[in-house]
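Undergrad: Sharing a structure with you now.
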Amino acid sequence: MTSTSLSKGSAPIPRESGFDLEEEALSPPILAFNGVHGATGRYALEGVTLETLLESFKGRSGRRRSGGRGVAHGVDPNDLSSAGWAVVFPLDGDPAVRNAVEPLLRHRARQVDNERRFRIFEGEDGLLPGESKGEFLARHGAGPGAVEPETVPYYLLLVGGPEEVPWEFQYQLDSQYAVGRLAFDSPWDYEAYAESQVAVETGIPCRGRKAAFLAPCNPDDRATELSNQWLVSPLQETLAGTESWQIEARLGAEADKVAYGRYFGGDATPALLFTAGHGLCYGSGDPLQRSFQGALLCQDWPGPKAWRQAIPEEHFFACSDVASRADVRGLIAFFFACYGAGTPRFDDFDRTVRRRRSVIAPKAMVSRLAQRLLAHPAGSASAVIGHVERAWSYSFLWRSRAHVGVFESTLKGLLNGWTVGMAMEYFSYRLADLGSELLHALENPESETQRMEILQLWAAHHDARNYVVLGDPAVRLAVRESPTDG
């Protein structure tokens, strides 16, 4: 097996590592999910068989999202005056929320400085109940293909929770546009984000040029072992040579809850923070679900063999752990974790595999940790990138090799001053490629090799679809000239 440089985002997994993707996938449990049930201490999903997954694909090939966005020729996607910016409210959106985000709207209007490329979709022009991406765009004169900013701008900020503006609408729209979402429980939180972001972009840059990685490697835990060794370590090594940036990593034993507190608003807070590990989940209606769903499990958790009971707060980092005095202004955080961005009302996996729609939450919701960061009273984070529903190891393991190129390119784009929406285009490209391969493979699932191909494609495609941006997609890192400038 030939080796490819880690700097190119791909590395072979040697046999001596004890892990072979194809060999493990052939025997249950097939997939490693980054989620632990907070009430039991057990994995959120233990694994499913190949036969069960393949059964679910019959007749469903036309229901997968494709992706791969791009702007029309001559449009600069990293320049708001060229690419345009718009906000989308639901039809019956709260007027108080509309007023709360007004400072951000005025700021973006000044940046775009072109009334044909700055839009406010509200009232009858906003998102109608049950409306799909295609129906919404058609009403406004847009269709498939390259984005034409004077029809519908490239940057789209959705305002409202996933019950008003469904996750599915964001997934679909994100395949073509740079999309982000603001979703809070009160108008004051929307106002806090809007005013803080304007202050971050118009004031003195608030963060040093530092990026950091936090990744526990819990005992006897395959998922964090894989993400630590084959996702975070290669990323950290590749980005270590980035000019004018300080790169830090707290992996394994160093990624305890104390470290999380330091990097989430404490004395070690970077401009860009990437975490990888388990996200907590709870049963629908559990009184802890709303507060702790998607909370980040730290190194303090002793692992699945030593701990088979409810997960105590000492083992994870949640919204309540972001101190009121924390300084997260301008932070962009990326969570590789189950439910790190949010939770749908219905389980995507059960709906796909078992042909029924199991309720996993009383209503679709955004992670409380993300909301806390984005509406912090002392100044908000700029964006949180995360996963809705379960996160899969197929996101970075592919055909017996580790592939981190999509993550690497996204992070490098952010370090180079790209907007978060533009940097996330790499996930859309991956999604489009996987969707094309999946449709082709579904036509003839005959041999065992072809059947395994379908499994891998489906898992990777499902995973890529559910990465979303919380916050304005037009934000970028607001950093000083050097890592130590104060």
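Ligands are numbered from 1 in the order shown, chains are lettered A, B, ... in the order of the structure tokens, and residues start at 1 in each chain.
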Could you pull out the residues in region 42-257 of chain A that DSSP calls strand (DSSP E) from the backbone, as a PyMOL selection string?

TA: chain A and resi 85-88+118-121+155-159+178-182+210-215+246-251

Undergrad: Can you pull out the residues contacting region 168-171 of chain A? Cut-off 9 Å, using only C-alpha atoms, and skip same-chain residues under 3 positions away; I want them as a PyMOL selection string.

TA: chain A and resi 65+131-133+158+162+165+174-175+179-181+465-468

Undergrad: Would you pick out the contacts of Leu457 (chain A) at 10 Å or less, using only C-alpha atoms, so that residues sharing its chain but fewer than 6 positions from it are not included, and give the list as a PyMOL selection string?

TA: chain A and resi 394+398+433-439+441-442+451+463

Undergrad: Run DSSP on the backbone and tell me which residues of region 93-296 of chain A come out as helix (DSSP H, G or I); list them as an NGL selection string.

TA: :A and (95-100 or 102-112 or 123-125 or 133-139 or 167-174 or 187-202 or 222-239 or 252-254 or 257-263 or 289-292)

Undergrad: Select from region 136-247 of chain A every residue with an atom at most 10 Å from any atom of region 272-289 of chain A, then for each give the shortest pair of atoms and their distance in Å to one decimal, using only C-alpha atoms, rows by chain and rising number, as a Markdown table.

TA:
```
| residue | atom | partner | partner_atom | distance |
| --- | --- | --- | --- | --- |
| A:Arg207 | CA | A:Leu272 | CA | 9.3 |
| A:Gly208 | CA | A:Leu272 | CA | 9.8 |
| A:Arg209 | CA | A:Leu272 | CA | 8.6 |
| A:Lys210 | CA | A:Leu272 | CA | 6.8 |
| A:Ala211 | CA | A:Leu272 | CA | 4.6 |
| A:Ala212 | CA | A:Leu273 | CA | 5.0 |
| A:Phe213 | CA | A:Phe274 | CA | 4.8 |
| A:Leu214 | CA | A:Thr275 | CA | 4.7 |
| A:Ala215 | CA | A:Ala276 | CA | 4.9 |
| A:Pro216 | CA | A:Gly277 | CA | 6.2 |
| A:Cys217 | CA | A:Gly277 | CA | 7.8 |
| A:Asn218 | CA | A:Gly277 | CA | 8.9 |
| A:Ala223 | CA | A:Gly277 | CA | 7.7 |
| A:Thr224 | CA | A:Gly277 | CA | 5.6 |
| A:Glu225 | CA | A:Gly277 | CA | 9.2 |
| A:Leu226 | CA | A:Gly277 | CA | 9.8 |
| A:Ser227 | CA | A:Ala276 | CA | 6.6 |
| A:Asn228 | CA | A:Ala276 | CA | 7.4 |
| A:Leu231 | CA | A:Ala276 | CA | 8.4 |
| A:Val232 | CA | A:Ala276 | CA | 7.2 |
| A:Leu235 | CA | A:Phe274 | CA | 9.8 |
| A:Gln236 | CA | A:Phe274 | CA | 9.8 |
| A:Ile247 | CA | A:Leu272 | CA | 9.6 |
```

Undergrad: Measuring between only C-alpha atoms, which one of A:Gln246, A:Gln172, A:Ser82, A:Ser186 shows the shortest distance to Val101 (chain A)?

TA: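 Checking each of A:Gln246, A:Gln172, A:Ser82, A:Ser186 against Val101 (chain A), counting only C-alpha atoms, the winner is A:Ser186.
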
Undergrad: Find the residues near region 325-331 of chain A: any atom within 10 Å, counting only C-alpha atoms, skip ones fewer than 6 places away on the same chain, and give them as an mmCIF file with all heavy atoms, in the first residue's frame.

TA:
```cif
data_model
loop_
_atom_site.group_PDB
_atom_site.id
_atom_site.type_symbol
_atom_site.label_atom_id
_atom_site.label_comp_id
_atom_site.auth_asym_id
_atom_site.auth_seq_id
_atom_site.Cartn_x
_atom_site.Cartn_y
_atom_site.Cartn_z
ATOM 1 N N TYR A 193 -26.058 38.776 19.994
ATOM 2 C CA TYR A 193 -25.208 38.321 18.891
ATOM 3 C C TYR A 193 -24.990 39.448 17.880
ATOM 4 O O TYR A 193 -23.856 39.700 17.441
ATOM 5 C CB TYR A 193 -25.811 37.108 18.195
ATOM 6 C CG TYR A 193 -24.974 36.647 17.016
ATOM 7 C CD1 TYR A 193 -23.888 35.785 17.210
ATOM 8 C CD2 TYR A 193 -25.219 37.104 15.722
ATOM 9 C CE1 TYR A 193 -23.083 35.391 16.147
ATOM 10 C CE2 TYR A 193 -24.424 36.711 14.649
ATOM 11 C CZ TYR A 193 -23.358 35.849 14.867
ATOM 12 O OH TYR A 193 -22.556 35.477 13.809
ATOM 13 N N SER A 196 -22.757 42.257 19.247
ATOM 14 C CA SER A 196 -21.393 41.781 19.473
ATOM 15 C C SER A 196 -20.654 41.589 18.156
ATOM 16 O O SER A 196 -19.480 41.963 18.036
ATOM 17 C CB SER A 196 -21.422 40.466 20.252
ATOM 18 O OG SER A 196 -20.102 39.988 20.456
ATOM 19 N N GLN A 197 -21.319 41.009 17.146
ATOM 20 C CA GLN A 197 -20.643 40.770 15.886
ATOM 21 C C GLN A 197 -20.271 42.067 15.187
ATOM 22 O O GLN A 197 -19.191 42.191 14.607
ATOM 23 C CB GLN A 197 -21.515 39.899 14.964
ATOM 24 C CG GLN A 197 -20.782 39.378 13.742
ATOM 25 C CD GLN A 197 -19.514 38.626 14.091
ATOM 26 O OE1 GLN A 197 -19.488 37.814 15.026
ATOM 27 N NE2 GLN A 197 -18.442 38.890 13.354
ATOM 28 N N ALA A 199 -19.600 44.836 16.707
ATOM 29 C CA ALA A 199 -18.474 45.380 17.478
ATOM 30 C C ALA A 199 -17.171 44.662 17.135
ATOM 31 O O ALA A 199 -16.111 45.294 17.009
ATOM 32 C CB ALA A 199 -18.771 45.249 18.977
ATOM 33 N N VAL A 200 -17.234 43.336 16.967
ATOM 34 C CA VAL A 200 -16.040 42.565 16.624
ATOM 35 C C VAL A 200 -15.495 42.995 15.266
ATOM 36 O O VAL A 200 -14.278 43.143 15.080
ATOM 37 C CB VAL A 200 -16.364 41.053 16.626
ATOM 38 C CG1 VAL A 200 -15.269 40.263 15.906
ATOM 39 C CG2 VAL A 200 -16.518 40.538 18.048
ATOM 40 N N GLU A 201 -16.374 43.237 14.307
ATOM 41 C CA GLU A 201 -15.933 43.544 12.943
ATOM 42 C C GLU A 201 -15.544 44.997 12.746
ATOM 43 O O GLU A 201 -14.800 45.310 11.811
ATOM 44 C CB GLU A 201 -17.037 43.161 11.947
ATOM 45 C CG GLU A 201 -17.292 41.658 11.905
ATOM 46 C CD GLU A 201 -18.268 41.251 10.808
ATOM 47 O OE1 GLU A 201 -18.525 42.080 9.904
ATOM 48 O OE2 GLU A 201 -18.762 40.112 10.850
ATOM 49 N N PRO A 205 -9.306 44.170 16.418
ATOM 50 C CA PRO A 205 -9.395 42.697 16.455
ATOM 51 C C PRO A 205 -9.179 42.154 17.860
ATOM 52 O O PRO A 205 -8.241 42.540 18.558
ATOM 53 C CB PRO A 205 -8.276 42.261 15.499
ATOM 54 C CG PRO A 205 -8.155 43.405 14.539
ATOM 55 C CD PRO A 205 -8.404 44.634 15.348
ATOM 56 N N CYS A 206 -10.069 41.254 18.270
ATOM 57 C CA CYS A 206 -10.106 40.851 19.674
ATOM 58 C C CYS A 206 -9.352 39.569 19.981
ATOM 59 O O CYS A 206 -9.210 39.214 21.153
ATOM 60 C CB CYS A 206 -11.564 40.700 20.115
ATOM 61 S SG CYS A 206 -12.542 39.557 19.124
ATOM 62 N N ARG A 207 -8.852 38.880 18.995
ATOM 63 C CA ARG A 207 -8.197 37.595 19.263
ATOM 64 C C ARG A 207 -6.804 37.563 18.641
ATOM 65 O O ARG A 207 -6.559 38.134 17.573
ATOM 66 C CB ARG A 207 -9.011 36.443 18.699
ATOM 67 C CG ARG A 207 -10.471 36.372 19.157
ATOM 68 C CD ARG A 207 -10.751 35.096 19.908
ATOM 69 N NE ARG A 207 -10.127 35.057 21.210
ATOM 70 C CZ ARG A 207 -10.738 35.434 22.344
ATOM 71 N NH1 ARG A 207 -11.972 35.888 22.321
ATOM 72 N NH2 ARG A 207 -10.110 35.334 23.499
ATOM 73 N N ALA A 211 -4.810 29.011 16.906
ATOM 74 C CA ALA A 211 -5.802 27.965 16.682
ATOM 75 C C ALA A 211 -5.481 26.811 17.621
ATOM 76 O O ALA A 211 -4.309 26.547 17.916
ATOM 77 C CB ALA A 211 -5.779 27.492 15.233
ATOM 78 N N GLY A 261 -12.518 24.420 29.913
ATOM 79 C CA GLY A 261 -12.827 25.717 30.482
ATOM 80 C C GLY A 261 -11.821 26.789 30.089
ATOM 81 O O GLY A 261 -12.184 27.948 29.845
ATOM 82 N N ARG A 262 -10.560 26.414 30.006
ATOM 83 C CA ARG A 262 -9.525 27.374 29.623
ATOM 84 C C ARG A 262 -9.643 27.796 28.165
ATOM 85 O O ARG A 262 -9.356 28.955 27.823
ATOM 86 C CB ARG A 262 -8.130 26.776 29.865
ATOM 87 C CG ARG A 262 -7.780 26.539 31.330
ATOM 88 C CD ARG A 262 -6.340 26.071 31.448
ATOM 89 N NE ARG A 262 -5.428 27.098 30.923
ATOM 90 C CZ ARG A 262 -4.344 26.835 30.184
ATOM 91 N NH1 ARG A 262 -4.039 25.576 29.885
ATOM 92 N NH2 ARG A 262 -3.570 27.813 29.766
ATOM 93 N N TYR A 263 -10.062 26.871 27.295
ATOM 94 C CA TYR A 263 -10.128 27.164 25.865
ATOM 95 C C TYR A 263 -11.490 27.699 25.425
ATOM 96 O O TYR A 263 -11.623 28.210 24.327
ATOM 97 C CB TYR A 263 -9.764 25.914 25.055
ATOM 98 C CG TYR A 263 -8.274 25.660 25.027
ATOM 99 C CD1 TYR A 263 -7.645 24.985 26.066
ATOM 100 C CD2 TYR A 263 -7.481 26.132 23.984
ATOM 101 C CE1 TYR A 263 -6.274 24.768 26.066
ATOM 102 C CE2 TYR A 263 -6.108 25.926 23.972
ATOM 103 C CZ TYR A 263 -5.509 25.245 25.021
ATOM 104 O OH TYR A 263 -4.147 25.039 25.015
ATOM 105 N N PHE A 264 -12.497 27.589 26.271
ATOM 106 C CA PHE A 264 -13.806 28.163 25.991
ATOM 107 C C PHE A 264 -14.022 29.395 26.858
ATOM 108 O O PHE A 264 -14.826 29.391 27.773
ATOM 109 C CB PHE A 264 -14.919 27.141 26.262
ATOM 110 C CG PHE A 264 -15.141 26.156 25.153
ATOM 111 C CD1 PHE A 264 -14.538 24.908 25.197
ATOM 112 C CD2 PHE A 264 -15.966 26.457 24.080
ATOM 113 C CE1 PHE A 264 -14.755 23.976 24.187
ATOM 114 C CE2 PHE A 264 -16.195 25.531 23.062
ATOM 115 C CZ PHE A 264 -15.585 24.293 23.114
ATOM 116 N N GLY A 265 -13.270 30.429 26.573
ATOM 117 C CA GLY A 265 -13.461 31.696 27.272
ATOM 118 C C GLY A 265 -12.483 31.973 28.376
ATOM 119 O O GLY A 265 -12.501 33.061 28.968
ATOM 120 N N GLY A 266 -11.594 31.010 28.680
ATOM 121 C CA GLY A 266 -10.584 31.216 29.701
ATOM 122 C C GLY A 266 -9.308 31.799 29.139
ATOM 123 O O GLY A 266 -9.279 32.343 28.029
ATOM 124 N N ASP A 267 -8.214 31.626 29.873
ATOM 125 C CA ASP A 267 -6.954 32.273 29.503
ATOM 126 C C ASP A 267 -6.299 31.695 28.254
ATOM 127 O O ASP A 267 -5.355 32.288 27.724
ATOM 128 C CB ASP A 267 -5.979 32.203 30.681
ATOM 129 C CG ASP A 267 -5.603 30.770 31.061
ATOM 130 O OD1 ASP A 267 -6.350 29.833 30.708
ATOM 131 O OD2 ASP A 267 -4.559 30.594 31.718
ATOM 132 N N THR A 269 -8.111 30.824 25.400
ATOM 133 C CA THR A 269 -9.081 30.890 24.297
ATOM 134 C C THR A 269 -8.422 31.329 22.995
ATOM 135 O O THR A 269 -7.779 32.381 22.939
ATOM 136 C CB THR A 269 -10.226 31.858 24.653
ATOM 137 O OG1 THR A 269 -10.814 31.457 25.882
ATOM 138 C CG2 THR A 269 -11.280 31.846 23.552
ATOM 139 N N PRO A 270 -8.563 30.532 21.933
ATOM 140 C CA PRO A 270 -7.973 30.878 20.639
ATOM 141 C C PRO A 270 -8.964 31.641 19.756
ATOM 142 O O PRO A 270 -10.096 31.921 20.171
ATOM 143 C CB PRO A 270 -7.681 29.507 20.043
ATOM 144 C CG PRO A 270 -8.849 28.673 20.529
ATOM 145 C CD PRO A 270 -9.186 29.201 21.910
ATOM 146 N N ALA A 271 -8.538 31.949 18.551
ATOM 147 C CA ALA A 271 -9.464 32.504 17.560
ATOM 148 C C ALA A 271 -10.272 31.385 16.911
ATOM 149 O O ALA A 271 -11.460 31.542 16.619
ATOM 150 C CB ALA A 271 -8.684 33.268 16.492
ATOM 151 N N LEU A 272 -9.616 30.231 16.714
ATOM 152 C CA LEU A 272 -10.254 29.077 16.075
ATOM 153 C C LEU A 272 -10.047 27.860 16.961
ATOM 154 O O LEU A 272 -8.926 27.537 17.321
ATOM 155 C CB LEU A 272 -9.641 28.827 14.692
ATOM 156 C CG LEU A 272 -10.135 27.608 13.917
ATOM 157 C CD1 LEU A 272 -11.619 27.708 13.616
ATOM 158 C CD2 LEU A 272 -9.342 27.439 12.616
ATOM 159 N N LEU A 273 -11.146 27.193 17.311
ATOM 160 C CA LEU A 273 -11.081 26.030 18.200
ATOM 161 C C LEU A 273 -11.760 24.840 17.530
ATOM 162 O O LEU A 273 -12.910 24.935 17.101
ATOM 163 C CB LEU A 273 -11.771 26.334 19.524
ATOM 164 C CG LEU A 273 -11.832 25.200 20.553
ATOM 165 C CD1 LEU A 273 -10.434 24.764 20.970
ATOM 166 C CD2 LEU A 273 -12.645 25.630 21.771
ATOM 167 N N LEU A 373 -22.566 30.168 23.540
ATOM 168 C CA LEU A 373 -21.396 30.813 22.952
ATOM 169 C C LEU A 373 -21.796 31.970 22.042
ATOM 170 O O LEU A 373 -21.140 33.016 22.016
ATOM 171 C CB LEU A 373 -20.585 29.789 22.153
ATOM 172 C CG LEU A 373 -19.921 28.670 22.962
ATOM 173 C CD1 LEU A 373 -19.356 27.610 22.026
ATOM 174 C CD2 LEU A 373 -18.827 29.218 23.874
ATOM 175 N N LEU A 374 -22.883 31.790 21.289
ATOM 176 C CA LEU A 374 -23.280 32.784 20.289
ATOM 177 C C LEU A 374 -24.076 33.947 20.872
ATOM 178 O O LEU A 374 -24.322 34.927 20.164
ATOM 179 C CB LEU A 374 -24.089 32.106 19.185
ATOM 180 C CG LEU A 374 -23.321 31.105 18.313
ATOM 181 C CD1 LEU A 374 -24.269 30.348 17.399
ATOM 182 C CD2 LEU A 374 -22.249 31.815 17.483
ATOM 183 N N ALA A 375 -24.512 33.839 22.124
ATOM 184 C CA ALA A 375 -25.255 34.940 22.742
ATOM 185 C C ALA A 375 -24.686 35.258 24.118
ATOM 186 O O ALA A 375 -25.417 35.634 25.031
ATOM 187 C CB ALA A 375 -26.735 34.570 22.855
ATOM 188 N N HIS A 376 -23.378 35.112 24.248
ATOM 189 C CA HIS A 376 -22.762 35.327 25.553
ATOM 190 C C HIS A 376 -22.900 36.799 25.949
ATOM 191 O O HIS A 376 -22.624 37.699 25.135
ATOM 192 C CB HIS A 376 -21.292 34.922 25.527
ATOM 193 C CG HIS A 376 -20.703 34.750 26.885
ATOM 194 N ND1 HIS A 376 -20.262 35.810 27.647
ATOM 195 C CD2 HIS A 376 -20.512 33.640 27.649
ATOM 196 C CE1 HIS A 376 -19.814 35.373 28.810
ATOM 197 N NE2 HIS A 376 -19.955 34.053 28.834
ATOM 198 N N PRO A 377 -23.310 37.067 27.173
ATOM 199 C CA PRO A 377 -23.548 38.457 27.581
ATOM 200 C C PRO A 377 -22.306 39.341 27.594
ATOM 201 O O PRO A 377 -22.419 40.571 27.496
ATOM 202 C CB PRO A 377 -24.130 38.309 29.001
ATOM 203 C CG PRO A 377 -23.698 36.960 29.473
ATOM 204 C CD PRO A 377 -23.660 36.105 28.246
ATOM 205 N N ALA A 378 -21.121 38.725 27.672
ATOM 206 C CA ALA A 378 -19.888 39.516 27.678
ATOM 207 C C ALA A 378 -19.301 39.682 26.276
ATOM 208 O O ALA A 378 -18.213 40.225 26.122
ATOM 209 C CB ALA A 378 -18.856 38.860 28.597
ATOM 210 N N GLY A 379 -20.027 39.246 25.274
ATOM 211 C CA GLY A 379 -19.537 39.280 23.896
ATOM 212 C C GLY A 379 -19.584 37.891 23.304
ATOM 213 O O GLY A 379 -19.119 36.934 23.937
ATOM 214 N N SER A 380 -20.130 37.761 22.122
ATOM 215 C CA SER A 380 -20.439 36.438 21.584
ATOM 216 C C SER A 380 -19.356 35.883 20.669
ATOM 217 O O SER A 380 -18.561 36.620 20.086
ATOM 218 C CB SER A 380 -21.756 36.488 20.806
ATOM 219 O OG SER A 380 -21.592 37.144 19.572
ATOM 220 N N ALA A 381 -19.372 34.557 20.569
ATOM 221 C CA ALA A 381 -18.598 33.892 19.516
ATOM 222 C C ALA A 381 -19.185 34.283 18.166
ATOM 223 O O ALA A 381 -20.362 34.650 18.068
ATOM 224 C CB ALA A 381 -18.648 32.381 19.705
ATOM 225 N N SER A 382 -18.389 34.196 17.120
ATOM 226 C CA SER A 382 -18.863 34.575 15.790
ATOM 227 C C SER A 382 -19.622 33.457 15.106
ATOM 228 O O SER A 382 -20.603 33.701 14.397
ATOM 229 C CB SER A 382 -17.687 35.015 14.911
ATOM 230 O OG SER A 382 -17.127 36.216 15.380
ATOM 231 N N ALA A 383 -19.175 32.197 15.281
ATOM 232 C CA ALA A 383 -19.841 31.078 14.620
ATOM 233 C C ALA A 383 -19.482 29.778 15.321
ATOM 234 O O ALA A 383 -18.415 29.648 15.913
ATOM 235 C CB ALA A 383 -19.454 31.003 13.141
ATOM 236 N N VAL A 384 -20.395 28.838 15.230
ATOM 237 C CA VAL A 384 -20.147 27.464 15.653
ATOM 238 C C VAL A 384 -20.472 26.564 14.474
ATOM 239 O O VAL A 384 -21.569 26.638 13.913
ATOM 240 C CB VAL A 384 -21.008 27.069 16.868
ATOM 241 C CG1 VAL A 384 -20.868 25.576 17.161
ATOM 242 C CG2 VAL A 384 -20.617 27.887 18.090
ATOM 243 N N VAL A 475 -19.190 35.759 8.564
ATOM 244 C CA VAL A 475 -18.156 36.117 9.535
ATOM 245 C C VAL A 475 -16.829 35.469 9.160
ATOM 246 O O VAL A 475 -16.786 34.469 8.453
ATOM 247 C CB VAL A 475 -18.558 35.699 10.968
ATOM 248 C CG1 VAL A 475 -19.874 36.332 11.364
ATOM 249 C CG2 VAL A 475 -18.613 34.184 11.113
ATOM 250 N N ARG A 476 -15.781 36.046 9.655
ATOM 251 C CA ARG A 476 -14.433 35.494 9.484
ATOM 252 C C ARG A 476 -13.643 35.765 10.761
ATOM 253 O O ARG A 476 -14.086 36.519 11.628
ATOM 254 C CB ARG A 476 -13.750 36.070 8.248
ATOM 255 C CG ARG A 476 -13.511 37.554 8.268
ATOM 256 C CD ARG A 476 -13.027 38.052 6.909
ATOM 257 N NE ARG A 476 -14.136 38.339 6.001
ATOM 258 C CZ ARG A 476 -14.080 38.206 4.687
ATOM 259 N NH1 ARG A 476 -12.971 37.769 4.111
ATOM 260 N NH2 ARG A 476 -15.119 38.508 3.932
ATOM 261 N N LEU A 477 -12.477 35.151 10.884
ATOM 262 C CA LEU A 477 -11.666 35.339 12.079
ATOM 263 C C LEU A 477 -11.209 36.796 12.201
ATOM 264 O O LEU A 477 -10.640 37.350 11.261
ATOM 265 C CB LEU A 477 -10.448 34.410 12.044
ATOM 266 C CG LEU A 477 -10.753 32.911 12.123
ATOM 267 C CD1 LEU A 477 -9.487 32.102 11.872
ATOM 268 C CD2 LEU A 477 -11.341 32.549 13.482
ATOM 269 N N ALA A 478 -11.488 37.397 13.350
ATOM 270 C CA ALA A 478 -11.080 38.778 13.610
ATOM 271 C C ALA A 478 -9.829 38.733 14.476
ATOM 272 O O ALA A 478 -9.908 38.699 15.709
ATOM 273 C CB ALA A 478 -12.204 39.533 14.314
ATOM 274 N N VAL A 479 -8.665 38.711 13.834
ATOM 275 C CA VAL A 479 -7.425 38.455 14.564
ATOM 276 C C VAL A 479 -6.423 39.586 14.406
ATOM 277 O O VAL A 479 -6.444 40.338 13.434
ATOM 278 C CB VAL A 479 -6.776 37.136 14.092
ATOM 279 C CG1 VAL A 479 -7.627 35.956 14.496
ATOM 280 C CG2 VAL A 479 -6.563 37.119 12.582
#
```

Undergrad: Which of these residues is nearest to Gln176 (chain A), using only C-alpha atoms: A:Gly241, A:Gly405, A:Gly413, A:Gly421?

TA: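 Ranking A:Gly241, A:Gly405, A:Gly413, A:Gly421 by distance to Gln176 (chain A), first place goes to A:Gly421.
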
Undergrad: Smallest atom-to-atom distance to Glu425 (chain A): which of A:Tyr155, A:Met452, A:Arg108, A:Gly340, using only C-alpha atoms?

TA: A:Tyr155

Undergrad: Can you tell me how far CA of Val198 (chain A) sits from CA of Leu104 (chain A), in Å to one decimal?

TA: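 Atom-to-atom, CA of Val198 (chain A) to CA of Leu104 (chain A), that is 6.2 Å.
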
Undergrad: From the list A:Ala72, A:Leu415, A:Ala253, A:Ala361, which residue is nearest Pro144 (chain A) when using only C-alpha atoms?

TA: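 Of all the options, A:Ala72 lies closest to Pro144 (chain A).
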
Undergrad: What lies within 10 Å of Thr410 (chain A) using only C-alpha atoms, ignoring chain neighbours under 4 positions off, as a ChimeraX atom specification?

TA: /A:405-406,414-416,418,420-427

Undergrad: Next, write the just-selected residues to a file, as a PDB file, in the first residue's frame, keeping N, CA and C atoms as the atom set.

TA:
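Writing the result to result_29.pdb gives the following:
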```pdb
ATOM      1  N   GLY A 405      -8.664  15.830   4.221  1.00  0.00           N
ATOM      2  CA  GLY A 405      -8.512  16.963   3.323  1.00  0.00           C
ATOM      3  C   GLY A 405      -9.630  17.979   3.414  1.00  0.00           C
ATOM      4  N   VAL A 406     -10.875  17.527   3.576  1.00  0.00           N
ATOM      5  CA  VAL A 406     -11.995  18.457   3.670  1.00  0.00           C
ATOM      6  C   VAL A 406     -11.866  19.310   4.928  1.00  0.00           C
ATOM      7  N   LEU A 414     -10.214  29.265   6.785  1.00  0.00           N
ATOM      8  CA  LEU A 414     -10.506  30.181   7.885  1.00  0.00           C
ATOM      9  C   LEU A 414      -9.254  30.916   8.345  1.00  0.00           C
ATOM     10  N   LEU A 415      -8.138  30.191   8.470  1.00  0.00           N
ATOM     11  CA  LEU A 415      -6.883  30.820   8.899  1.00  0.00           C
ATOM     12  C   LEU A 415      -6.394  31.843   7.878  1.00  0.00           C
ATOM     13  N   ASN A 416      -6.764  31.659   6.628  1.00  0.00           N
ATOM     14  CA  ASN A 416      -6.339  32.572   5.563  1.00  0.00           C
ATOM     15  C   ASN A 416      -7.314  33.721   5.342  1.00  0.00           C
ATOM     16  N   TRP A 418     -10.776  33.597   5.010  1.00  0.00           N
ATOM     17  CA  TRP A 418     -12.035  33.347   4.317  1.00  0.00           C
ATOM     18  C   TRP A 418     -13.205  33.483   5.285  1.00  0.00           C
ATOM     19  N   VAL A 420     -16.635  32.040   6.967  1.00  0.00           N
ATOM     20  CA  VAL A 420     -16.949  30.673   7.360  1.00  0.00           C
ATOM     21  C   VAL A 420     -17.818  29.988   6.302  1.00  0.00           C
ATOM     22  N   GLY A 421     -18.700  30.746   5.652  1.00  0.00           N
ATOM     23  CA  GLY A 421     -19.536  30.160   4.605  1.00  0.00           C
ATOM     24  C   GLY A 421     -18.734  29.685   3.416  1.00  0.00           C
ATOM     25  N   MET A 422     -17.752  30.470   2.999  1.00  0.00           N
ATOM     26  CA  MET A 422     -16.907  30.074   1.881  1.00  0.00           C
ATOM     27  C   MET A 422     -16.032  28.886   2.253  1.00  0.00           C
ATOM     28  N   ALA A 423     -15.483  28.893   3.471  1.00  0.00           N
ATOM     29  CA  ALA A 423     -14.628  27.787   3.907  1.00  0.00           C
ATOM     30  C   ALA A 423     -15.382  26.469   3.939  1.00  0.00           C
ATOM     31  N   MET A 424     -16.673  26.508   4.228  1.00  0.00           N
ATOM     32  CA  MET A 424     -17.472  25.290   4.316  1.00  0.00           C
ATOM     33  C   MET A 424     -17.857  24.727   2.952  1.00  0.00           C
ATOM     34  N   GLU A 425     -17.459  25.391   1.890  1.00  0.00           N
ATOM     35  CA  GLU A 425     -17.756  24.862   0.556  1.00  0.00           C
ATOM     36  C   GLU A 425     -17.145  23.474   0.351  1.00  0.00           C
ATOM     37  N   TYR A 426     -16.034  23.189   1.025  1.00  0.00           N
ATOM     38  CA  TYR A 426     -15.390  21.885   0.834  1.00  0.00           C
ATOM     39  C   TYR A 426     -16.305  20.742   1.267  1.00  0.00           C
ATOM     40  N   PHE A 427     -17.142  20.973   2.253  1.00  0.00           N
ATOM     41  CA  PHE A 427     -18.090  19.942   2.660  1.00  0.00           C
ATOM     42  C   PHE A 427     -19.174  19.749   1.599  1.00  0.00           C
TER      43      PHE A 427
END
```

Undergrad: Would you pick out the contacts of Leu156 (chain A) at 9 Å or less, using only C-alpha atoms, so that residues sharing its chain but fewer than 3 positions from it are not included, and give the list as a short mmCIF file (atom, residue, chain, number, x, y, z; two decimals) with C-alpha atoms, in the first residue's frame?

TA:
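Output file result_6.cif is given in full below:
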```cif
data_model
loop_
_atom_site.label_atom_id
_atom_site.label_comp_id
_atom_site.auth_asym_id
_atom_site.auth_seq_id
_atom_site.Cartn_x
_atom_site.Cartn_y
_atom_site.Cartn_z
CA GLY A 84 -24.25 39.66 -1.72
CA TRP A 85 -25.91 38.93 1.61
CA ALA A 86 -29.49 38.24 2.68
CA VAL A 87 -31.49 37.29 5.74
CA VAL A 88 -34.42 34.85 5.69
CA VAL A 152 -30.73 35.55 -4.42
CA PRO A 153 -27.46 36.55 -2.71
CA LEU A 173 -30.10 25.47 0.75
CA ASP A 174 -26.53 24.91 1.92
CA TYR A 177 -25.45 28.83 -0.98
CA ALA A 178 -23.35 29.82 2.03
CA VAL A 179 -25.86 29.39 4.83
CA GLY A 180 -25.86 30.04 8.57
CA ARG A 181 -28.52 30.17 11.27
CA ASP A 472 -23.72 34.50 10.28
CA PRO A 473 -22.01 32.69 7.35
CA ALA A 474 -20.28 35.94 6.38
#
```
